[in-house]
Amino acid sequence: MDKPSVEVIAHYNLDGEIIPLRIRIDSDKAYSVDKPGKPVKGASLKMGIQGNRYSCFVDGKKAYLYLNHENKWFIELV
Amino acid sequence: MERVILHSDLNSFYASVECMKNPEIRDKPVAVGGSVEQRHGIILTKNLIAKGYGVKTGEAIWQAKQKCPGLIVVPPDYKTYLYFSSEARRIYGCYTDLIESFGIDECWLDVTESCKLFGTGEHIANEIRRRMKEELGITSSIGVSYNKIFAKLGSDMKKPDATTVITQKDFKQKVWSLPVSDLLYVGRSTAKKLINIGIYTIGDLANLNLSFLKKLLGKWGETLWIFANGLDTVSVMKTDQYSTIKGIGNSMTTPRDLVNNEDVKLLLYVLGESVSERLRKHNFKGSTIQIYIRDKELNSIDRQSKLNFSSCVTSDIADKAFEIFLDNWKWEKPIRSIGVRATDLVTADTYVQLSLFYDEKQKLKEEQLEYSIDEIRKRFGHYSVQRALLLKDKALNANPIEENVIFPVSYFK
């Protein structure tokens, strides 16, 4: 199964925290990441992804962004 | 004070990680297996569905597929497994600093002191299991008891995703009825010896006369008797994945059978290179060389011999290994797998007794040459510098350092 991986523009602050700002899905649709929360470790069994999970809003809808151990980003719409 | 010890076992670990990663195979029988072409074609782990078909760890993939035609066999991905293993340790680390790894998927935790902060051992175990599911998407079985042996037995009793508590009050009911082979270090041959004299359960073993048992099994008899009676007092050692090194070895199941001395010499050099490189990496020299040979019919032998000096040079190790081989192998059957190990380690920069009978300067030169080769390989890759000998047969040439990363461990450290 193709996992919904996304391209991300992120802000790295002075404490080394990573905050996602914008994402691009399917190479043409770009969205801003609204209200990203603090990351927690999490796994999505539905999609088969594990990593740091940010809860946020994308295009007005609640979503989770995952940053996995290979530095890839994935999106899960809740 | 009674200790509180947890033993956490990640359920069918490799298979669980694969099922976590690939939702579409999750409800099918899945096994992780080595490559058939390389003749590593055995089942490493299977999920519960595959287990239901009678698929066993260690059997050949073709045997497993006969039992379970729809079996999905995925190749192992050790990097990801090591990542999940370290993530599990991160969770354990939230509850105690006394964590002892036992292989990649098992750990003992001493939470005696942490109980004041986090509640009972059972409570901590349930908390760890919940976090394991939420944060990693895999399940674990946890045994809670007052010694390491019963904690380990507990983690085997209910699977998957369960906590089993064994206390000093109820261990006789819970543990003593289990078959004696469930006990740690009762392997096939010990179990056979015990069954021959009518010892079927752990309880039978515990109630046996100690001096009789010592006569039967030697000093192991006493150890096992202590285990069975719950008197084991070994503490949980604070180890990370890397504990004290007592020996360094590599073995390989070769892509084709080895049929003559030439083949074996080549392989011993491949393994010798990897062993000596790892010795140098950890700043060790070894003075005893052991070899391990397994033939086509899976009968194996171990032989060892001492070097006159301690060394971390490939040719010393490989030549010694070859010498031991020539003394001990009569070529009745072709060889399927072979291993080399260096033990009796000393740190490489200690002072040593020099010898009058060989050229110390030459030895130093050889050592420096090997260190230089390590440097080159670090920058340009393992295959950038090679021995001419190893070019004879490309199929047998490999780099065990990169390809084997998970090593077995012992309870006695």
# chains A, B, ... in the order shown; residues from 1 in each chain; ligands from 1
$ interface_residues --of "chain B" --to "chain A" --cutoff "6 Å" --atoms "only C-alpha atoms" --output "PDB file with N, CA and C atoms, in the first residue's frame"
ATOM      1  N   MET B  20       2.800  -4.242  11.635  1.00  0.00           N
ATOM      2  CA  MET B  20       2.524  -2.852  11.982  1.00  0.00           C
ATOM      3  C   MET B  20       2.770  -1.956  10.756  1.00  0.00           C
ATOM      4  N   LYS B  21       3.870  -2.235  10.036  1.00  0.00           N
ATOM      5  CA  LYS B  21       4.236  -1.399   8.894  1.00  0.00           C
ATOM      6  C   LYS B  21       3.299  -1.603   7.698  1.00  0.00           C
ATOM      7  N   ASN B  22       2.810  -2.832   7.530  1.00  0.00           N
ATOM      8  CA  ASN B  22       2.002  -3.153   6.356  1.00  0.00           C
ATOM      9  C   ASN B  22       0.610  -3.625   6.745  1.00  0.00           C
ATOM     10  N   PRO B  23      -0.345  -2.699   6.834  1.00  0.00           N
ATOM     11  CA  PRO B  23      -1.691  -3.075   7.286  1.00  0.00           C
ATOM     12  C   PRO B  23      -2.323  -4.143   6.403  1.00  0.00           C
ATOM     13  N   GLU B 134       0.154   2.079  21.992  1.00  0.00           N
ATOM     14  CA  GLU B 134      -0.157   3.417  21.488  1.00  0.00           C
ATOM     15  C   GLU B 134       1.002   4.040  20.728  1.00  0.00           C
ATOM     16  N   GLU B 135       2.197   3.891  21.295  1.00  0.00           N
ATOM     17  CA  GLU B 135       3.326   4.628  20.743  1.00  0.00           C
ATOM     18  C   GLU B 135       4.077   3.846  19.671  1.00  0.00           C
ATOM     19  N   LEU B 136       4.071   2.514  19.767  1.00  0.00           N
ATOM     20  CA  LEU B 136       4.821   1.724  18.790  1.00  0.00           C
ATOM     21  C   LEU B 136       3.930   0.863  17.906  1.00  0.00           C
ATOM     22  N   GLY B 137       2.691   0.647  18.338  1.00  0.00           N
ATOM     23  CA  GLY B 137       1.789  -0.169  17.537  1.00  0.00           C
ATOM     24  C   GLY B 137       2.102  -1.652  17.608  1.00  0.00           C
TER      25      GLY B 137
END
$ residues_around --residues "Leu268 (chain B)" --least-positions-apart "2" --cutoff "12 Å" --atoms "only C-alpha atoms" --output "PyMOL selection string"
chain B and resi 249-252+254+258+261-266+270-276+289-293+314-326+337-341+389-390+396-398+400
$ residues_around --residues "region 372-376 of chain B" --least-positions-apart "6" --cutoff "12 Å" --atoms "only C-alpha atoms" --output "PyMOL selection string"
chain B and resi 273-274+276-281+313-314+365-366+382-387
$ residues_around --residues "Val234 (chain B)" --least-positions-apart "3" --cutoff "9 Å" --atoms "only C-alpha atoms" --output "list in words"
Asn147, Lys148 and Met237 of chain B
$ write_last_selection --atoms "N, CA and C atoms" --output "PDB file, in the first residue's frame"
ATOM      1  N   ASN B 147      11.723 -12.706  41.154  1.00  0.00           N
ATOM      2  CA  ASN B 147      13.045 -13.021  40.628  1.00  0.00           C
ATOM      3  C   ASN B 147      12.979 -13.077  39.103  1.00  0.00           C
ATOM      4  N   LYS B 148      14.155 -13.033  38.483  1.00  0.00           N
ATOM      5  CA  LYS B 148      14.206 -12.913  37.025  1.00  0.00           C
ATOM      6  C   LYS B 148      13.651 -14.141  36.318  1.00  0.00           C
ATOM      7  N   MET B 237      20.992  -6.456  35.736  1.00  0.00           N
ATOM      8  CA  MET B 237      22.193  -5.673  35.485  1.00  0.00           C
ATOM      9  C   MET B 237      21.872  -4.494  34.599  1.00  0.00           C
TER      10      MET B 237
END
$ residues_around --residues "region 168-184 of chain B" --least-positions-apart "4" --cutoff "10 Å" --atoms "only C-alpha atoms" --output "VMD selection string"
chain B and resid 2 145 to 147 149 to 150 152 to 154 156 to 157 164 188 to 192 194 to 195 199 to 207 224 227 to 230 411
$ write_last_selection --atoms "C-alpha atoms" --output "PDB file, in the first residue's frame"
ATOM      1  CA  GLU B   2      10.908  -8.533  48.131  1.00  0.00           C
ATOM      2  CA  SER B 145       7.614 -11.608  39.877  1.00  0.00           C
ATOM      3  CA  TYR B 146      10.231 -11.458  42.644  1.00  0.00           C
ATOM      4  CA  ASN B 147      13.045 -13.021  40.628  1.00  0.00           C
ATOM      5  CA  ILE B 149      13.497 -16.554  36.248  1.00  0.00           C
ATOM      6  CA  PHE B 150       9.827 -16.480  37.279  1.00  0.00           C
ATOM      7  CA  LYS B 152      10.567 -14.662  32.369  1.00  0.00           C
ATOM      8  CA  LEU B 153       8.307 -17.693  32.837  1.00  0.00           C
ATOM      9  CA  GLY B 154       5.419 -15.314  33.490  1.00  0.00           C
ATOM     10  CA  ASP B 156       5.699 -16.739  28.362  1.00  0.00           C
ATOM     11  CA  MET B 157       2.481 -17.867  30.045  1.00  0.00           C
ATOM     12  CA  THR B 164       1.106 -12.387  34.409  1.00  0.00           C
ATOM     13  CA  ARG B 188      16.548 -30.446  24.439  1.00  0.00           C
ATOM     14  CA  SER B 189      19.262 -32.661  25.892  1.00  0.00           C
ATOM     15  CA  THR B 190      18.757 -31.651  29.538  1.00  0.00           C
ATOM     16  CA  ALA B 191      15.007 -32.125  29.177  1.00  0.00           C
ATOM     17  CA  LYS B 192      15.635 -35.599  27.750  1.00  0.00           C
ATOM     18  CA  LEU B 194      15.238 -35.317  33.163  1.00  0.00           C
ATOM     19  CA  ILE B 195      12.337 -37.058  31.427  1.00  0.00           C
ATOM     20  CA  ILE B 199      10.956 -35.527  35.883  1.00  0.00           C
ATOM     21  CA  TYR B 200       8.241 -33.931  33.768  1.00  0.00           C
ATOM     22  CA  THR B 201       7.365 -30.660  35.477  1.00  0.00           C
ATOM     23  CA  ILE B 202       9.243 -27.793  37.103  1.00  0.00           C
ATOM     24  CA  GLY B 203       7.671 -28.915  40.401  1.00  0.00           C
ATOM     25  CA  ASP B 204       9.185 -32.396  40.029  1.00  0.00           C
ATOM     26  CA  LEU B 205      12.569 -30.755  39.522  1.00  0.00           C
ATOM     27  CA  ALA B 206      12.160 -28.463  42.526  1.00  0.00           C
ATOM     28  CA  ASN B 207      11.286 -31.360  44.832  1.00  0.00           C
ATOM     29  CA  LEU B 224      18.380 -25.385  37.712  1.00  0.00           C
ATOM     30  CA  PHE B 227      15.738 -21.637  39.380  1.00  0.00           C
ATOM     31  CA  ALA B 228      12.884 -24.102  39.959  1.00  0.00           C
ATOM     32  CA  ASN B 229      12.553 -23.232  43.637  1.00  0.00           C
ATOM     33  CA  GLY B 230      12.433 -19.506  42.993  1.00  0.00           C
ATOM     34  CA  TYR B 411      21.890 -15.160  31.089  1.00  0.00           C
TER      35      TYR B 411
END
$ residues_around --residues "Trp108 (chain B)" --least-positions-apart "6" --cutoff "7 Å" --atoms "only C-alpha atoms" --output "list in words"
Ile5, Leu6, His7, Ser8, Ile99, Glu100, Ser101 and Val236 of chain B
$ closest_residue --among "A:Asp26, A:Asn68, A:Lys61, A:Leu14" --to "Pro39 (chain A)" --atoms "only C-alpha atoms"
A:Asn68
$ atom_distance --atom1 "CA of Asn328 (chain B)" --atom2 "CA of Arg303 (chain B)"
7.8 Å
$ residues_around --residues "region 28-31 of chain B" --least-positions-apart "2" --cutoff "9 Å" --atoms "only C-alpha atoms" --output "PyMOL selection string"
chain B and resi 14-15+18-19+24-26+33+43-53+55+57+68+70-75
$ write_last_selection --atoms "N, CA and C atoms" --output "compact mmCIF listing (two decimals), in the first residue's frame"
# COMPACT_ATOMS: atom_id res chain seq x y z
N TYR B 14 9.73 -9.55 15.18
CA TYR B 14 9.97 -9.17 13.78
C TYR B 14 8.66 -9.14 13.00
N ALA B 15 7.83 -10.20 13.21
CA ALA B 15 6.57 -10.29 12.47
C ALA B 15 5.63 -9.16 12.87
N GLU B 18 6.64 -5.99 11.11
CA GLU B 18 6.24 -6.03 9.70
C GLU B 18 4.74 -5.82 9.54
N CYS B 19 3.94 -6.43 10.44
CA CYS B 19 2.48 -6.27 10.35
C CYS B 19 2.07 -4.85 10.70
N GLU B 24 -1.95 -4.17 5.10
CA GLU B 24 -2.65 -5.10 4.21
C GLU B 24 -2.28 -6.56 4.46
N ILE B 25 -1.18 -6.84 5.15
CA ILE B 25 -0.87 -8.25 5.43
C ILE B 25 -1.24 -8.63 6.86
N ARG B 26 -1.81 -7.66 7.60
CA ARG B 26 -1.97 -7.88 9.04
C ARG B 26 -2.89 -9.05 9.39
N GLY B 33 11.47 -14.30 7.07
CA GLY B 33 12.41 -15.38 6.76
C GLY B 33 13.61 -14.87 6.00
N ILE B 43 12.51 -19.79 8.80
CA ILE B 43 11.55 -18.87 9.43
C ILE B 43 12.22 -18.26 10.67
N LEU B 44 12.28 -16.95 10.72
CA LEU B 44 12.86 -16.28 11.89
C LEU B 44 11.79 -15.99 12.94
N THR B 45 10.65 -15.52 12.49
CA THR B 45 9.50 -15.30 13.38
C THR B 45 8.24 -15.46 12.55
N LYS B 46 7.15 -15.79 13.24
CA LYS B 46 5.87 -15.86 12.53
C LYS B 46 4.83 -15.16 13.39
N ASN B 47 3.76 -14.68 12.75
CA ASN B 47 2.70 -14.07 13.56
C ASN B 47 1.75 -15.15 14.07
N LEU B 48 0.77 -14.73 14.89
CA LEU B 48 -0.09 -15.71 15.56
C LEU B 48 -0.89 -16.54 14.57
N ILE B 49 -1.31 -15.89 13.45
CA ILE B 49 -2.12 -16.61 12.46
C ILE B 49 -1.29 -17.75 11.86
N ALA B 50 -0.04 -17.43 11.51
CA ALA B 50 0.84 -18.46 10.94
C ALA B 50 1.11 -19.55 11.97
N LYS B 51 1.22 -19.15 13.23
CA LYS B 51 1.45 -20.12 14.30
C LYS B 51 0.30 -21.12 14.37
N GLY B 52 -0.90 -20.61 14.12
CA GLY B 52 -2.09 -21.45 14.13
C GLY B 52 -2.01 -22.58 13.10
N TYR B 53 -1.27 -22.35 12.02
CA TYR B 53 -1.09 -23.38 10.99
C TYR B 53 0.04 -24.34 11.35
N VAL B 55 3.25 -23.33 11.83
CA VAL B 55 4.55 -22.85 11.36
C VAL B 55 5.46 -22.62 12.56
N THR B 57 9.33 -21.49 14.27
CA THR B 57 10.56 -20.74 14.10
C THR B 57 11.70 -21.72 13.86
N CYS B 68 1.21 -24.19 5.36
CA CYS B 68 0.38 -23.01 5.28
C CYS B 68 0.61 -22.39 3.90
N GLY B 70 -0.79 -20.20 2.03
CA GLY B 70 -0.95 -18.76 1.81
C GLY B 70 0.05 -17.92 2.58
N LEU B 71 1.06 -18.59 3.14
CA LEU B 71 2.00 -17.87 4.01
C LEU B 71 2.74 -16.75 3.27
N ILE B 72 2.73 -15.55 3.86
CA ILE B 72 3.47 -14.44 3.26
C ILE B 72 4.82 -14.34 3.98
N VAL B 73 5.90 -14.52 3.22
CA VAL B 73 7.23 -14.46 3.83
C VAL B 73 7.88 -13.14 3.45
N VAL B 74 8.21 -12.32 4.44
CA VAL B 74 8.88 -11.05 4.14
C VAL B 74 10.34 -11.12 4.60
N PRO B 75 11.24 -10.45 3.87
CA PRO B 75 12.65 -10.47 4.27
C PRO B 75 12.86 -9.59 5.52
$ atom_distance --atom1 "CA of Asn11 (chain B)" --atom2 "CA of Ser141 (chain B)"
6.6 Å
$ select_by_dssp --residues "region 24-187 of chain B" --states "strand (DSSP E or B)" --output "ChimeraX atom specification"
/B:30-33,42-46,60,72-74,99-101,106-110,140-145,163-165,179
$ select_by_dssp --residues "region 148-380 of chain B" --states "alpha helix (DSSP H)" --output "ChimeraX atom specification"
/B:148-157,171-174,188-196,202-206,210-217,219-228,261-281,314-328,360-380
$ closest_residue --among "A:Leu65, A:Ile9, A:Cys56, A:Leu21" --to "Lys35 (chain A)" --atoms "only C-alpha atoms"
A:Cys56
$ atom_distance --atom1 "CA of Lys56 (chain B)" --atom2 "CA of Lys159 (chain B)"
16.1 Å
